[in-house]
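One file, structure-v8.cif, carrying mmCIF, C-alpha atoms:
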```
data_entry
loop_
_atom_site.group_PDB
_atom_site.id
_atom_site.type_symbol
_atom_site.label_atom_id
_atom_site.label_comp_id
_atom_site.auth_asym_id
_atom_site.auth_seq_id
_atom_site.Cartn_x
_atom_site.Cartn_y
_atom_site.Cartn_z
ATOM 1 C CA MET B 230 3.874 22.857 -11.661
ATOM 2 C CA ASP B 231 0.927 21.022 -13.241
ATOM 3 C CA TYR B 232 -0.587 17.926 -11.655
ATOM 4 C CA VAL B 233 -2.126 16.022 -14.562
ATOM 5 C CA ASP B 234 -5.247 13.985 -13.793
ATOM 6 C CA SER B 235 -5.646 10.397 -14.991
ATOM 7 C CA CYS B 236 -8.669 11.245 -17.176
ATOM 8 C CA VAL B 237 -6.360 13.279 -19.437
ATOM 9 C CA PHE B 238 -4.226 10.209 -20.145
ATOM 10 C CA LEU B 239 -7.216 7.874 -20.483
ATOM 11 C CA SER B 240 -8.655 10.194 -23.119
ATOM 12 C CA ILE B 241 -5.393 9.898 -25.052
ATOM 13 C CA ALA B 242 -5.249 6.116 -24.631
ATOM 14 C CA PHE B 243 -8.784 5.577 -25.905
ATOM 15 C CA GLU B 244 -8.617 8.325 -28.536
ATOM 16 C CA GLU B 245 -11.760 9.975 -27.201
ATOM 17 C CA GLY B 246 -13.212 13.113 -28.802
ATOM 18 C CA ASP B 247 -11.020 15.464 -26.768
ATOM 19 C CA ALA B 248 -7.860 13.375 -27.166
ATOM 20 C CA LEU B 249 -6.212 15.992 -29.389
ATOM 21 C CA ALA B 250 -6.582 18.706 -26.722
ATOM 22 C CA CYS B 251 -5.210 16.281 -24.114
ATOM 23 C CA LYS B 252 -2.260 15.236 -26.318
ATOM 24 C CA THR B 253 -1.417 18.825 -27.136
ATOM 25 C CA PHE B 254 -1.425 19.797 -23.478
ATOM 26 C CA VAL B 255 0.665 16.829 -22.324
ATOM 27 C CA ASN B 256 3.166 17.167 -25.160
ATOM 28 C CA THR B 257 3.807 20.827 -24.381
ATOM 29 C CA ARG B 258 4.555 20.388 -20.656
ATOM 30 C CA GLY B 259 8.001 21.539 -19.692
ATOM 31 C CA TYR B 260 11.160 21.221 -21.699
ATOM 32 C CA ARG B 261 14.187 18.978 -21.477
ATOM 33 C CA GLN B 262 15.229 18.355 -17.871
ATOM 34 C CA HIS B 263 12.839 21.029 -16.557
ATOM 35 C CA PRO B 264 9.659 19.185 -15.614
ATOM 36 C CA ARG B 265 6.435 21.093 -15.608
ATOM 37 C CA GLY B 266 4.109 18.133 -15.141
ATOM 38 C CA ILE B 267 3.589 15.775 -12.250
ATOM 39 C CA ILE B 268 1.729 12.519 -12.047
ATOM 40 C CA SER B 269 1.503 10.420 -8.921
ATOM 41 C CA HIS B 270 1.371 6.733 -8.205
ATOM 42 C CA LEU B 271 -2.352 7.318 -7.724
ATOM 43 C CA VAL B 272 -2.673 8.573 -11.301
ATOM 44 C CA VAL B 273 -0.734 5.619 -12.684
ATOM 45 C CA SER B 274 -2.837 3.079 -10.785
ATOM 46 C CA GLU B 275 -6.103 4.803 -11.732
ATOM 47 C CA ILE B 276 -5.069 4.727 -15.393
ATOM 48 C CA PHE B 277 -4.260 1.016 -15.200
ATOM 49 C CA VAL B 278 -7.567 0.213 -13.476
ATOM 50 C CA GLY B 279 -9.395 2.460 -15.956
ATOM 51 C CA ILE B 280 -7.967 0.530 -18.893
ATOM 52 C CA LEU B 281 -8.955 -2.779 -17.318
ATOM 53 C CA GLU B 282 -12.484 -1.667 -16.411
ATOM 54 C CA LYS B 283 -13.349 0.600 -19.332
ATOM 55 C CA VAL B 284 -12.875 -1.969 -22.058
ATOM 56 C CA GLN B 285 -15.902 -4.244 -22.062
ATOM 57 C CA LEU B 286 -16.366 -5.976 -25.414
ATOM 58 C CA ARG B 287 -18.159 -9.156 -26.415
ATOM 59 C CA ASP B 288 -15.092 -10.416 -28.239
ATOM 60 C CA ALA B 289 -12.410 -11.315 -25.678
ATOM 61 C CA LEU B 290 -9.627 -11.175 -28.278
ATOM 62 C CA GLU B 291 -10.665 -7.699 -29.437
ATOM 63 C CA GLU B 292 -11.013 -6.583 -25.818
ATOM 64 C CA GLU B 293 -7.427 -7.652 -25.115
ATOM 65 C CA ARG B 294 -6.203 -5.960 -28.302
ATOM 66 C CA VAL B 295 -7.826 -2.634 -27.298
ATOM 67 C CA ARG B 296 -6.380 -2.832 -23.785
ATOM 68 C CA LEU B 297 -2.927 -3.670 -25.096
ATOM 69 C CA ARG B 298 -3.005 -0.806 -27.615
ATOM 70 C CA ALA B 299 -4.037 1.661 -24.870
ATOM 71 C CA MET B 300 -1.271 0.450 -22.537
ATOM 72 C CA GLN B 301 1.357 0.566 -25.286
ATOM 73 C CA GLN B 302 0.373 4.092 -26.265
ATOM 74 C CA LEU B 303 0.605 5.312 -22.656
ATOM 75 C CA SER B 304 3.826 3.407 -22.044
ATOM 76 C CA TRP B 305 5.410 5.204 -25.003
ATOM 77 C CA LEU B 306 4.047 8.576 -23.859
ATOM 78 C CA PHE B 307 5.189 8.188 -20.234
ATOM 79 C CA THR B 308 8.603 6.901 -21.292
ATOM 80 C CA THR B 309 9.083 9.891 -23.587
ATOM 81 C CA LEU B 310 7.956 12.455 -20.994
ATOM 82 C CA LEU B 311 9.988 10.910 -18.177
ATOM 83 C CA GLU B 312 13.170 10.353 -20.226
ATOM 84 C CA ASP B 313 13.011 13.917 -21.560
ATOM 85 C CA GLY B 314 12.616 15.131 -17.994
ATOM 86 C CA ARG B 315 9.422 17.017 -18.858
ATOM 87 C CA MET B 316 7.301 15.175 -16.314
ATOM 88 C CA ARG B 317 8.002 13.383 -13.078
ATOM 89 C CA ILE B 318 6.228 10.820 -10.961
ATOM 90 C CA ALA B 319 5.589 12.028 -7.424
ATOM 91 C CA ARG B 320 6.244 9.331 -4.877
ATOM 92 C CA PHE B 321 3.461 8.563 -2.432
ATOM 93 C CA THR B 322 4.339 10.271 0.854
ATOM 94 C CA ARG B 323 2.779 10.950 4.216
ATOM 95 C CA ARG B 324 1.979 14.516 3.115
ATOM 96 C CA ALA B 325 -0.232 13.051 0.403
ATOM 97 C CA LEU B 326 -2.371 11.465 3.137
ATOM 98 C CA ASP B 327 -3.811 14.690 4.546
ATOM 99 C CA LEU B 328 -7.136 13.196 5.603
ATOM 100 C CA ASP B 329 -8.368 16.503 7.029
ATOM 101 C CA LEU B 330 -8.001 18.131 3.608
ATOM 102 C CA PHE B 331 -9.521 15.051 1.962
ATOM 103 C CA ASP B 332 -12.584 15.250 4.262
ATOM 104 C CA HIS B 333 -12.918 18.989 3.725
ATOM 105 C CA LEU B 334 -12.886 18.612 -0.064
ATOM 106 C CA LYS B 335 -15.510 15.866 0.117
ATOM 107 C CA ALA B 336 -17.677 18.093 2.330
ATOM 108 C CA LEU B 337 -17.390 20.960 -0.172
ATOM 109 C CA GLU B 338 -18.497 18.783 -3.091
ATOM 110 C CA TYR B 339 -20.559 15.684 -2.290
ATOM 111 C CA SER B 340 -20.151 14.277 -5.820
ATOM 112 C CA LEU B 341 -16.344 14.451 -5.681
ATOM 113 C CA SER B 342 -14.950 10.929 -6.033
ATOM 114 C CA ASP B 343 -12.482 9.594 -3.490
ATOM 115 C CA ASP B 344 -9.916 9.250 -6.299
ATOM 116 C CA ASP B 345 -10.263 12.903 -7.265
ATOM 117 C CA ALA B 346 -10.095 14.074 -3.647
ATOM 118 C CA PHE B 347 -6.854 12.104 -3.170
ATOM 119 C CA HIS B 348 -5.457 13.542 -6.428
ATOM 120 C CA LEU B 349 -6.192 17.070 -5.195
ATOM 121 C CA VAL B 350 -4.532 16.328 -1.841
ATOM 122 C CA ALA B 351 -1.481 14.969 -3.690
ATOM 123 C CA ALA B 352 -1.343 18.096 -5.889
ATOM 124 C CA VAL B 353 -1.400 20.293 -2.768
ATOM 125 C CA ALA B 354 1.294 18.129 -1.120
ATOM 126 C CA GLU B 355 3.524 18.568 -4.190
ATOM 127 C CA GLY B 356 3.034 22.344 -4.183
ATOM 128 C CA CYS B 357 1.415 22.398 -7.611
ATOM 129 C CA ASP B 358 -0.193 25.568 -8.864
ATOM 130 C CA ARG B 359 -2.452 23.891 -11.458
ATOM 131 C CA PHE B 360 -4.546 20.724 -11.456
ATOM 132 C CA VAL B 361 -5.232 19.778 -15.077
ATOM 133 C CA THR B 362 -8.308 17.678 -15.757
ATOM 134 C CA LYS B 363 -11.338 17.239 -17.957
ATOM 135 C CA ASP B 364 -13.449 15.909 -15.102
ATOM 136 C CA ARG B 365 -16.762 17.826 -15.154
ATOM 137 C CA THR B 366 -17.275 17.583 -11.369
ATOM 138 C CA LEU B 367 -13.946 19.283 -10.715
ATOM 139 C CA VAL B 368 -14.242 21.812 -13.507
ATOM 140 C CA LYS B 369 -17.720 22.905 -12.372
ATOM 141 C CA SER B 370 -17.230 22.894 -8.596
ATOM 142 C CA GLU B 371 -16.850 26.558 -7.702
ATOM 143 C CA ARG B 372 -16.614 25.772 -3.978
ATOM 144 C CA VAL B 373 -13.694 23.378 -4.419
ATOM 145 C CA GLN B 374 -11.972 25.711 -6.881
ATOM 146 C CA THR B 375 -12.348 28.762 -4.649
ATOM 147 C CA PHE B 376 -11.136 26.900 -1.550
ATOM 148 C CA LEU B 377 -8.068 25.422 -3.257
ATOM 149 C CA LYS B 378 -7.099 28.701 -4.909
ATOM 150 C CA ARG B 379 -7.533 30.759 -1.736
ATOM 151 C CA HIS B 380 -5.796 28.386 0.683
ATOM 152 C CA TYR B 381 -3.247 26.576 -1.494
ATOM 153 C CA GLY B 382 -2.818 28.607 -4.689
ATOM 154 C CA LEU B 383 -4.057 25.625 -6.723
ATOM 155 C CA SER B 384 -6.188 26.314 -9.807
ATOM 156 C CA ILE B 385 -8.274 23.663 -11.530
ATOM 157 C CA ILE B 386 -7.739 23.881 -15.296
ATOM 158 C CA ASP B 387 -10.048 22.352 -17.910
ATOM 159 C CA VAL B 388 -7.665 20.740 -20.424
ATOM 160 C CA THR B 389 -10.306 20.981 -23.156
ATOM 161 C CA ARG B 390 -10.239 24.783 -22.831
ATOM 162 C CA THR B 391 -6.452 25.393 -22.801
#
```
Go through the file and emit its structure as structure tokens.
Amino acid sequence: MDYVDSCVFLSIAFEEGDALACKTFVNTRGYRQHPRGIISHLVVSEIFVGILEKVQLRDALEEERVRLRAMQQLSWLFTTLLEDGRMRIARFTRRALDLDLFDHLKALEYSLSDDDAFHLVAAVAEGCDRFVTKDRTLVKSERVQTFLKRHYGLSIIDVTRT
């Protein structure tokens, strides 16, 4: 099972340079009624906050138009993936609050954001075998990658290299 990081969806929403790689990956997850991808409430909230914070334009009307377009694009994508049964939203559970694992991940990589540490904990709690991201800190952190693979069977995958 693939836990898909919020940065993958934000890249799609804002049509960033690697959006095609992100779209291709997301659109090929699973097949009808056999989900291969997982997102969590944490991913959804980080995407929403990212859309609100990332768009900073001088023209308030244009700013709102860009935000609305990004939200509409993701709404369509999530609806399609969820209705087809190719992705599911993991509910926030007590297992996803493993603060010992969170602290250990932060100790392994000082530049790891709290959001990313919580995403990794959620991926472990869901029993995922791949964490799909384009986040440079995660992709380059050999200590975090080695620890997660050895103890939880979780690999960090760079979506731009799949």
Subject >> Result set, the PyMOL selection byres ((chain B and resi 231-244) around 8) on current file, as a VMD selection string >> reply: chain B and resid 230 245 to 249 251 to 252 265 to 268 272 to 273 275 to 276 279 to 280 298 to 300 302 to 303 348 352 357 to 364 388
**OP:** Determine the residue membership of the PyMOL selection byres ((chain B and resi 377-381) around 9) for the file above and supply it as an MDAnalysis selection string.
**Re:** chainID B and resid 334 349 353 356:358 372:376 382:385
Original post:
Can you list, as number ranges by chain, the residues that the PyMOL selection byres ((chain B and resi 322-330) around 7) selects here?
Top reply: B: 320-321, 331-334, 350-351, 354
Original post:
Expressed in Å to a single decimal, how great is the separation between atom CA of His270 of chain B and atom CA of Asp313 of chain B?
Top reply: 19.1 Å
Original post:
What gap, in Å, lies between atom CA of Ser274 of chain B and atom CA of Leu367 of chain B?
Top reply: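 Interatomic distance, atom CA of Ser274 of chain B to atom CA of Leu367 of chain B: 19.6 Å.
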Original post:
If you measure from atom CA of Thr389 of chain B to atom CA of Ile318 of chain B, what distance in Å do you get, rounded to one decimal?
Top reply: 22.9 Å
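Nearest to Lys369 of chain B of all the residues B:Ala346, B:Glu355, B:Glu291, B:Glu338 is B:Glu338, based on all atoms listed in the file.
Between Arg390 of chain B and the candidates B:Gln301, B:Ser370, B:Thr253, B:Ser269, the tightest atom-to-atom separation, counting only C-alpha atoms, involves B:Thr253.
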